[in-house]
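Structure file work.pdb (PDB, C-alpha atoms and all ligand atoms) is printed below.
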MODEL        1
ATOM      1  CA  MET A  30       0.000   0.000   0.000  1.00  0.00           C
ATOM      2  CA  ARG A  31       1.326   3.379  -0.974  1.00  0.00           C
ATOM      3  CA  ASN A  32       1.896   6.173   1.461  1.00  0.00           C
ATOM      4  CA  ASN A  33      -1.068   8.541   1.156  1.00  0.00           C
ATOM      5  CA  ASN A  34       1.034  11.384   2.496  1.00  0.00           C
ATOM      6  CA  ILE A  35       3.039  11.724  -0.686  1.00  0.00           C
ATOM      7  CA  ASN A  36       4.209  15.306  -0.987  1.00  0.00           C
ATOM      8  CA  THR A  37       2.679  17.602  -3.544  1.00  0.00           C
ATOM      9  CA  ARG A  38       5.912  18.052  -5.441  1.00  0.00           C
ATOM     10  CA  GLU A  39       6.357  14.316  -5.938  1.00  0.00           C
ATOM     11  CA  ALA A  40       2.735  14.015  -7.064  1.00  0.00           C
ATOM     12  CA  ASP A  41       3.192  16.946  -9.448  1.00  0.00           C
ATOM     13  CA  GLU A  42       6.261  15.267 -10.961  1.00  0.00           C
ATOM     14  CA  ILE A  43       4.316  12.051 -11.530  1.00  0.00           C
ATOM     15  CA  PHE A  44       1.486  14.032 -13.101  1.00  0.00           C
ATOM     16  CA  TYR A  45       3.948  15.932 -15.292  1.00  0.00           C
ATOM     17  CA  SER A  46       5.689  12.821 -16.593  1.00  0.00           C
ATOM     18  CA  LEU A  47       2.366  11.151 -17.345  1.00  0.00           C
ATOM     19  CA  ARG A  48       1.251  14.191 -19.347  1.00  0.00           C
ATOM     20  CA  GLU A  49       4.543  14.134 -21.262  1.00  0.00           C
ATOM     21  CA  HIS A  50       4.041  10.521 -22.353  1.00  0.00           C
ATOM     22  CA  PRO A  51       3.626  10.601 -26.174  1.00  0.00           C
ATOM     23  CA  GLU A  52       0.674   8.197 -26.185  1.00  0.00           C
ATOM     24  CA  VAL A  53      -1.121  10.150 -23.450  1.00  0.00           C
ATOM     25  CA  ALA A  54      -0.488  13.352 -25.416  1.00  0.00           C
ATOM     26  CA  ARG A  55      -2.424  11.820 -28.343  1.00  0.00           C
ATOM     27  CA  MET A  56      -5.607  12.618 -26.406  1.00  0.00           C
ATOM     28  CA  LYS A  57      -5.037  16.234 -27.499  1.00  0.00           C
ATOM     29  CA  ASN A  58      -6.194  15.186 -30.971  1.00  0.00           C
ATOM     30  CA  TYR A  59      -9.728  14.370 -29.885  1.00  0.00           C
ATOM     31  CA  ILE A  60     -12.520  16.706 -28.808  1.00  0.00           C
ATOM     32  CA  GLN A  61     -14.261  15.730 -25.576  1.00  0.00           C
ATOM     33  CA  HIS A  62     -16.880  18.412 -24.876  1.00  0.00           C
ATOM     34  CA  GLY A  63     -17.359  21.745 -26.641  1.00  0.00           C
ATOM     35  CA  ASP A  64     -13.875  22.921 -27.606  1.00  0.00           C
ATOM     36  CA  ILE A  65     -12.133  20.997 -24.822  1.00  0.00           C
ATOM     37  CA  ASN A  66      -9.997  18.073 -25.948  1.00  0.00           C
ATOM     38  CA  THR A  67      -9.787  14.771 -24.102  1.00  0.00           C
ATOM     39  CA  PHE A  68      -6.321  15.570 -22.727  1.00  0.00           C
ATOM     40  CA  GLN A  69      -7.542  18.859 -21.202  1.00  0.00           C
ATOM     41  CA  HIS A  70     -10.601  17.098 -19.816  1.00  0.00           C
ATOM     42  CA  CYS A  71      -8.480  14.410 -18.128  1.00  0.00           C
ATOM     43  CA  GLU A  72      -6.142  17.056 -16.678  1.00  0.00           C
ATOM     44  CA  ALA A  73      -9.145  18.936 -15.290  1.00  0.00           C
ATOM     45  CA  VAL A  74     -10.560  15.755 -13.752  1.00  0.00           C
ATOM     46  CA  VAL A  75      -7.244  15.029 -12.012  1.00  0.00           C
ATOM     47  CA  ASN A  76      -6.990  18.596 -10.716  1.00  0.00           C
ATOM     48  CA  CYS A  77     -10.581  18.545  -9.496  1.00  0.00           C
ATOM     49  CA  GLY A  78     -10.153  15.122  -7.846  1.00  0.00           C
ATOM     50  CA  ARG A  79      -6.962  16.247  -6.091  1.00  0.00           C
ATOM     51  CA  LYS A  80      -8.600  19.454  -4.918  1.00  0.00           C
ATOM     52  CA  LEU A  81     -11.592  17.586  -3.494  1.00  0.00           C
ATOM     53  CA  ASN A  82      -9.221  15.141  -1.823  1.00  0.00           C
ATOM     54  CA  GLN A  83      -7.371  17.998  -0.178  1.00  0.00           C
ATOM     55  CA  VAL A  84     -10.345  20.171   0.802  1.00  0.00           C
ATOM     56  CA  LEU A  85     -12.489  17.315   2.114  1.00  0.00           C
ATOM     57  CA  HIS A  86      -9.542  15.569   3.852  1.00  0.00           C
ATOM     58  CA  ILE A  87     -10.342  12.291   2.157  1.00  0.00           C
ATOM     59  CA  HIS A  88      -6.727  11.020   2.323  1.00  0.00           C
ATOM     60  CA  ALA A  89      -6.983   9.262  -1.010  1.00  0.00           C
ATOM     61  CA  ASP A  90      -3.848   7.958  -2.712  1.00  0.00           C
ATOM     62  CA  GLU A  91      -2.573  10.843  -4.851  1.00  0.00           C
ATOM     63  CA  ILE A  92      -0.706   8.630  -7.301  1.00  0.00           C
ATOM     64  CA  SER A  93      -3.768   6.527  -8.052  1.00  0.00           C
ATOM     65  CA  LEU A  94      -5.861   9.673  -8.392  1.00  0.00           C
ATOM     66  CA  ILE A  95      -3.391  11.046 -10.919  1.00  0.00           C
ATOM     67  CA  ARG A  96      -2.873   7.836 -12.885  1.00  0.00           C
ATOM     68  CA  GLY A  97      -6.498   6.710 -12.872  1.00  0.00           C
ATOM     69  CA  GLY A  98      -7.761  10.243 -13.506  1.00  0.00           C
ATOM     70  CA  MET A  99      -5.400  11.027 -16.371  1.00  0.00           C
ATOM     71  CA  LEU A 100      -6.090   7.702 -18.081  1.00  0.00           C
ATOM     72  CA  HIS A 101      -9.828   7.409 -17.412  1.00  0.00           C
ATOM     73  CA  ASP A 102     -10.707   8.536 -20.977  1.00  0.00           C
ATOM     74  CA  PHE A 103      -7.642   7.149 -22.749  1.00  0.00           C
ATOM     75  CA  TYR A 104      -9.798   5.580 -25.481  1.00  0.00           C
ATOM     76  CA  LEU A 105      -8.116   7.505 -28.339  1.00  0.00           C
ATOM     77  CA  TYR A 106     -10.836   8.224 -30.871  1.00  0.00           C
ATOM     78  CA  ASP A 107     -13.322  11.003 -31.603  1.00  0.00           C
ATOM     79  CA  TRP A 108     -16.617   9.837 -30.166  1.00  0.00           C
ATOM     80  CA  HIS A 109     -18.450  12.506 -32.229  1.00  0.00           C
ATOM     81  CA  ILE A 110     -17.591  10.696 -35.467  1.00  0.00           C
ATOM     82  CA  PRO A 111     -20.025   7.801 -35.907  1.00  0.00           C
ATOM     83  CA  ASP A 112     -18.279   4.460 -36.212  1.00  0.00           C
ATOM     84  CA  LYS A 113     -19.485   0.969 -35.487  1.00  0.00           C
ATOM     85  CA  SER A 114     -16.395   0.319 -33.348  1.00  0.00           C
ATOM     86  CA  HIS A 115     -17.725   2.767 -30.739  1.00  0.00           C
ATOM     87  CA  LYS A 116     -21.467   2.702 -31.271  1.00  0.00           C
ATOM     88  CA  LEU A 117     -22.175   2.494 -27.540  1.00  0.00           C
ATOM     89  CA  HIS A 118     -19.426   4.899 -26.550  1.00  0.00           C
ATOM     90  CA  GLY A 119     -20.881   5.802 -23.135  1.00  0.00           C
ATOM     91  CA  PHE A 120     -20.875   2.168 -22.063  1.00  0.00           C
ATOM     92  CA  SER A 121     -17.814   0.848 -23.849  1.00  0.00           C
ATOM     93  CA  HIS A 122     -15.141   3.557 -23.632  1.00  0.00           C
ATOM     94  CA  PRO A 123     -13.985   2.836 -20.052  1.00  0.00           C
ATOM     95  CA  ARG A 124     -12.983  -0.676 -21.133  1.00  0.00           C
ATOM     96  CA  GLN A 125     -11.265   0.677 -24.256  1.00  0.00           C
ATOM     97  CA  ALA A 126      -9.421   3.244 -22.119  1.00  0.00           C
ATOM     98  CA  LEU A 127      -8.238   0.528 -19.742  1.00  0.00           C
ATOM     99  CA  GLN A 128      -7.139  -1.704 -22.604  1.00  0.00           C
ATOM    100  CA  ASN A 129      -5.044   1.147 -24.067  1.00  0.00           C
ATOM    101  CA  ALA A 130      -3.641   2.125 -20.669  1.00  0.00           C
ATOM    102  CA  LEU A 131      -2.439  -1.410 -19.969  1.00  0.00           C
ATOM    103  CA  LYS A 132      -0.372  -1.362 -23.160  1.00  0.00           C
ATOM    104  CA  TYR A 133       1.840   1.369 -21.706  1.00  0.00           C
ATOM    105  CA  PHE A 134       1.405   1.392 -17.928  1.00  0.00           C
ATOM    106  CA  ASN A 135       1.411  -1.033 -15.050  1.00  0.00           C
ATOM    107  CA  LEU A 136      -1.756  -0.201 -13.178  1.00  0.00           C
ATOM    108  CA  ASN A 137      -2.820  -1.566  -9.824  1.00  0.00           C
ATOM    109  CA  ASP A 138      -6.343  -2.881  -9.192  1.00  0.00           C
ATOM    110  CA  ARG A 139      -7.487   0.412  -7.711  1.00  0.00           C
ATOM    111  CA  GLU A 140      -6.348   2.343 -10.796  1.00  0.00           C
ATOM    112  CA  LYS A 141      -8.043  -0.167 -13.093  1.00  0.00           C
ATOM    113  CA  ASN A 142     -11.272   0.256 -11.149  1.00  0.00           C
ATOM    114  CA  ILE A 143     -11.009   4.064 -11.351  1.00  0.00           C
ATOM    115  CA  ILE A 144     -11.000   3.819 -15.148  1.00  0.00           C
ATOM    116  CA  LEU A 145     -13.675   1.129 -15.436  1.00  0.00           C
ATOM    117  CA  SER A 146     -16.103   2.706 -12.970  1.00  0.00           C
ATOM    118  CA  HIS A 147     -15.853   6.410 -13.862  1.00  0.00           C
ATOM    119  CA  MET A 148     -19.113   6.293 -15.858  1.00  0.00           C
ATOM    120  CA  TRP A 149     -21.101   4.776 -12.994  1.00  0.00           C
ATOM    121  CA  PRO A 150     -24.127   4.677 -12.664  1.00  0.00           C
ATOM    122  CA  LEU A 151     -24.421   4.426 -16.470  1.00  0.00           C
ATOM    123  CA  THR A 152     -22.232   1.333 -16.347  1.00  0.00           C
ATOM    124  CA  VAL A 153     -24.350  -0.256 -13.618  1.00  0.00           C
ATOM    125  CA  THR A 154     -22.101  -3.184 -12.808  1.00  0.00           C
ATOM    126  CA  GLN A 155     -18.830  -1.211 -12.747  1.00  0.00           C
ATOM    127  CA  ILE A 156     -19.073   0.338  -9.305  1.00  0.00           C
ATOM    128  CA  PRO A 157     -16.341   2.557  -7.802  1.00  0.00           C
ATOM    129  CA  THR A 158     -14.714   0.536  -5.035  1.00  0.00           C
ATOM    130  CA  SER A 159     -12.316   3.028  -3.463  1.00  0.00           C
ATOM    131  CA  ARG A 160     -12.164   6.615  -2.294  1.00  0.00           C
ATOM    132  CA  GLU A 161     -10.020   7.370  -5.327  1.00  0.00           C
ATOM    133  CA  ALA A 162     -12.569   5.889  -7.747  1.00  0.00           C
ATOM    134  CA  TRP A 163     -15.444   7.796  -6.120  1.00  0.00           C
ATOM    135  CA  LEU A 164     -13.473  11.043  -6.338  1.00  0.00           C
ATOM    136  CA  ILE A 165     -12.705  10.598 -10.039  1.00  0.00           C
ATOM    137  CA  CYS A 166     -16.283   9.490 -10.782  1.00  0.00           C
ATOM    138  CA  LEU A 167     -17.562  12.677  -9.143  1.00  0.00           C
ATOM    139  CA  ALA A 168     -14.883  14.952 -10.614  1.00  0.00           C
ATOM    140  CA  ASP A 169     -15.559  13.554 -14.098  1.00  0.00           C
ATOM    141  CA  LYS A 170     -19.243  14.465 -13.925  1.00  0.00           C
ATOM    142  CA  TYR A 171     -18.532  17.897 -12.543  1.00  0.00           C
ATOM    143  CA  CYS A 172     -15.925  18.682 -15.223  1.00  0.00           C
ATOM    144  CA  ALA A 173     -18.094  17.265 -18.024  1.00  0.00           C
ATOM    145  CA  LEU A 174     -20.978  19.530 -16.979  1.00  0.00           C
ATOM    146  CA  ARG A 175     -18.749  22.592 -16.801  1.00  0.00           C
ATOM    147  CA  GLU A 176     -17.131  21.831 -20.138  1.00  0.00           C
ATOM    148  CA  THR A 177     -20.472  21.228 -21.811  1.00  0.00           C
ATOM    149  CA  PHE A 178     -22.302  24.273 -20.494  1.00  0.00           C
ATOM    150  CA  HIS A 179     -19.613  26.873 -19.872  1.00  0.00           C
ATOM    151  CA  ARG A 180     -17.259  26.041 -22.716  1.00  0.00           C
ATOM    152  CA  GLY A 181     -14.622  28.762 -23.080  1.00  0.00           C
ATOM    153  CA  ARG A 182     -16.154  31.304 -20.780  1.00  0.00           C
ATOM    154  CA  LEU A 183     -14.459  30.190 -17.586  1.00  0.00           C
ATOM    155  CA  PHE A 184     -10.986  31.448 -16.732  1.00  0.00           C
ATOM    156  CA  GLU A 185     -10.862  33.309 -20.037  1.00  0.00           C
ATOM    157  CA  LYS A 186      -8.802  36.155 -18.629  1.00  0.00           C
ATOM    158  CA  THR A 187      -5.872  33.966 -17.659  1.00  0.00           C
ATOM    159  CA  GLY A 188      -6.177  31.557 -20.533  1.00  0.00           C
ATOM    160  CA  GLU A 189      -6.451  28.757 -17.992  1.00  0.00           C
ATOM    161  CA  ARG A 190      -9.430  26.489 -18.072  1.00  0.00           C
ATOM    162  CA  PHE A 191     -10.524  24.346 -15.184  1.00  0.00           C
ATOM    163  CA  ASN A 192      -7.334  24.869 -13.260  1.00  0.00           C
ATOM    164  CA  PHE A 193      -8.333  23.662  -9.824  1.00  0.00           C
ATOM    165  CA  ASN A 194      -4.847  24.303  -8.477  1.00  0.00           C
ATOM    166  CA  ALA A 195      -5.325  28.024  -8.910  1.00  0.00           C
TER     167      ALA A 195
HETATM  168 FE    FE A 201     -15.395   8.863 -19.844  1.00  0.00          FE
HETATM  169 FE    FE A 202     -14.218  11.800 -18.513  1.00  0.00          FE
ENDMDL
END

Please express the file's structure as structure tokens.
Ligand SMILES: [Fe+2]
Ligand SMILES: [Fe+2]
Amino acid sequence: MRNNNINTREADEIFYSLREHPEVARMKNYIQHGDINTFQHCEAVVNCGRKLNQVLHIHADEISLIRGGMLHDFYLYDWHIPDKSHKLHGFSHPRQALQNALKYFNLNDREKNIILSHMWPLTVTQIPTSREAWLICLADKYCALRETFHRGRLFEKTGERFNFNA
């Protein structure tokens, strides 16, 4: 079991190196909601999950939050373009994201569950089983709503969108 009291700098370094991974960066090529790409969405979900963890004193594992959060939508296609390979995108993309993630990363069971359960309750049988998975499930919904309804209006002045570290 990892130490939950990992310092912020160490967590930030892990987050940074994950974002620098060339396959993870491919998420920048796909729109998620509005004009927000999947990479930006995943970053926002991690930042939101970490902020909730800190503010609510949940003591969730920061590394799992970062890894599970950044890879939760690592499905690597544009879900707006109709294709029979992702007809039921809402239900199937967590499994696709996990399959892609396992090609490049060694994930523990908690991180796998974060990815698989982030669409709960839509995916009825994939239930979040940890504090980390509940945080990402919640953060994902919150960020998706903001991205869908606010689009570019938030944080326009600074050019930063959904920066929960600010
Ligand atoms: Fe998703
Ligand atoms: Fe998401």

Problem set entry | Pick from A:Trp163, A:Phe44, A:Trp108, A:Phe178, whichever lies nearest to ligand FE 201 (chain A) using only C-alpha atoms and all ligand atoms |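 Residue with the minimum atom-to-atom distance to ligand FE 201 (chain A): A:Trp108.
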
Exercise. Using all atoms listed in the file, what are the residues with an atom within 9 Å of ligand FE 202 (chain A), set out as a PyMOL selection string?
Worked result: chain A and resi 61+67+70-71+74+98+101-102+147-148+165-166+168-170+172-173

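Nearest residue to Tyr59 (chain A), choosing from A:Leu151, A:Leu105, A:Asn135, A:Glu42 and counting only C-alpha atoms: A:Leu105.
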
Grab all the atoms of region 152-157 of chain A that the file lists, wrap them in a box along x, y and z, add 8 Å per side, and give me centre plus edge lengths in Å (one decimal) as AutoDock Vina command-line options.
--center_x -20.3 --center_y -0.3 --center_z -12.1 --size_x 24.0 --size_y 21.7 --size_z 24.5

Exercise. Smallest atom-to-atom distance to ligand FE 201 (chain A): which of A:Ser46, A:Ser146, A:Thr177, A:Ser114, using all atoms listed in the file?
Worked result: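 Using all atoms listed in the file, ligand FE 201 (chain A) sits closest to A:Ser146.
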
For this file, the PyMOL selection byres (((chain A and resi 41) around 12) and not hetatm) selects which residues, as a tab-separated table (two decimals) with C-alpha atoms, keeping the file's coordinate frame?
chain	number	residue	atom	x	y	z
A	35	ILE	CA	3.04	11.72	-0.69
A	36	ASN	CA	4.21	15.31	-0.99
A	37	THR	CA	2.68	17.60	-3.54
A	38	ARG	CA	5.91	18.05	-5.44
A	39	GLU	CA	6.36	14.32	-5.94
A	40	ALA	CA	2.74	14.02	-7.06
A	42	GLU	CA	6.26	15.27	-10.96
A	43	ILE	CA	4.32	12.05	-11.53
A	44	PHE	CA	1.49	14.03	-13.10
A	45	TYR	CA	3.95	15.93	-15.29
A	46	SER	CA	5.69	12.82	-16.59
A	47	LEU	CA	2.37	11.15	-17.34
A	48	ARG	CA	1.25	14.19	-19.35
A	72	GLU	CA	-6.14	17.06	-16.68
A	75	VAL	CA	-7.24	15.03	-12.01
A	76	ASN	CA	-6.99	18.60	-10.72
A	79	ARG	CA	-6.96	16.25	-6.09
A	91	GLU	CA	-2.57	10.84	-4.85
A	92	ILE	CA	-0.71	8.63	-7.30
A	94	LEU	CA	-5.86	9.67	-8.39
A	95	ILE	CA	-3.39	11.05	-10.92
A	96	ARG	CA	-2.87	7.84	-12.88
A	194	ASN	CA	-4.85	24.30	-8.48

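Of the listed residues A:Gly78, A:Gly63, A:Gly119, A:Pro51, the one whose atoms come nearest to ligand FE 201 (chain A) is A:Gly119, with distances taken using all atoms listed in the file.
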
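CA of Pro111 (chain A) to CA of Pro123 (chain A) spans 17.7 Å [interatomic distance, one decimal].
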
Problem set entry | Selected residue, from A:Val53, A:Ile65, A:Val84, A:Ile143, that lies nearest to Phe103 (chain A) when counting only C-alpha atoms |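 Smallest distance to Phe103 (chain A) is found for A:Val53.
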
Exercise. Using only C-alpha atoms and all ligand atoms, which residue out of A:Phe120, A:Gln69, A:Tyr106, A:Glu52 lies closest to ligand FE 201 (chain A)?
Worked result: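 Looking only at the distances to ligand FE 201 (chain A), the closest residue turns out to be A:Phe120.
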
Could you pull the residues within 7 Å of Glu140 (chain A), counting all atoms listed in the file, minus those fewer than 3 positions along the same chain, as a compact mmCIF listing (two decimals) with C-alpha atoms, keeping the file's coordinate frame?
# COMPACT_ATOMS: atom_id res chain seq x y z
CA SER A 93 -3.77 6.53 -8.05
CA ARG A 96 -2.87 7.84 -12.88
CA GLY A 97 -6.50 6.71 -12.87
CA LEU A 136 -1.76 -0.20 -13.18
CA ASN A 137 -2.82 -1.57 -9.82
CA ILE A 143 -11.01 4.06 -11.35
CA ILE A 144 -11.00 3.82 -15.15

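Between CA of Ala130 (chain A) and CA of Ser159 (chain A) the interatomic distance comes to 19.3 Å.
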
Exercise. If you measure from CA of Leu117 (chain A) to CA of Val153 (chain A), what distance in Å do you get, rounded to one decimal?
Worked result: 14.4 Å
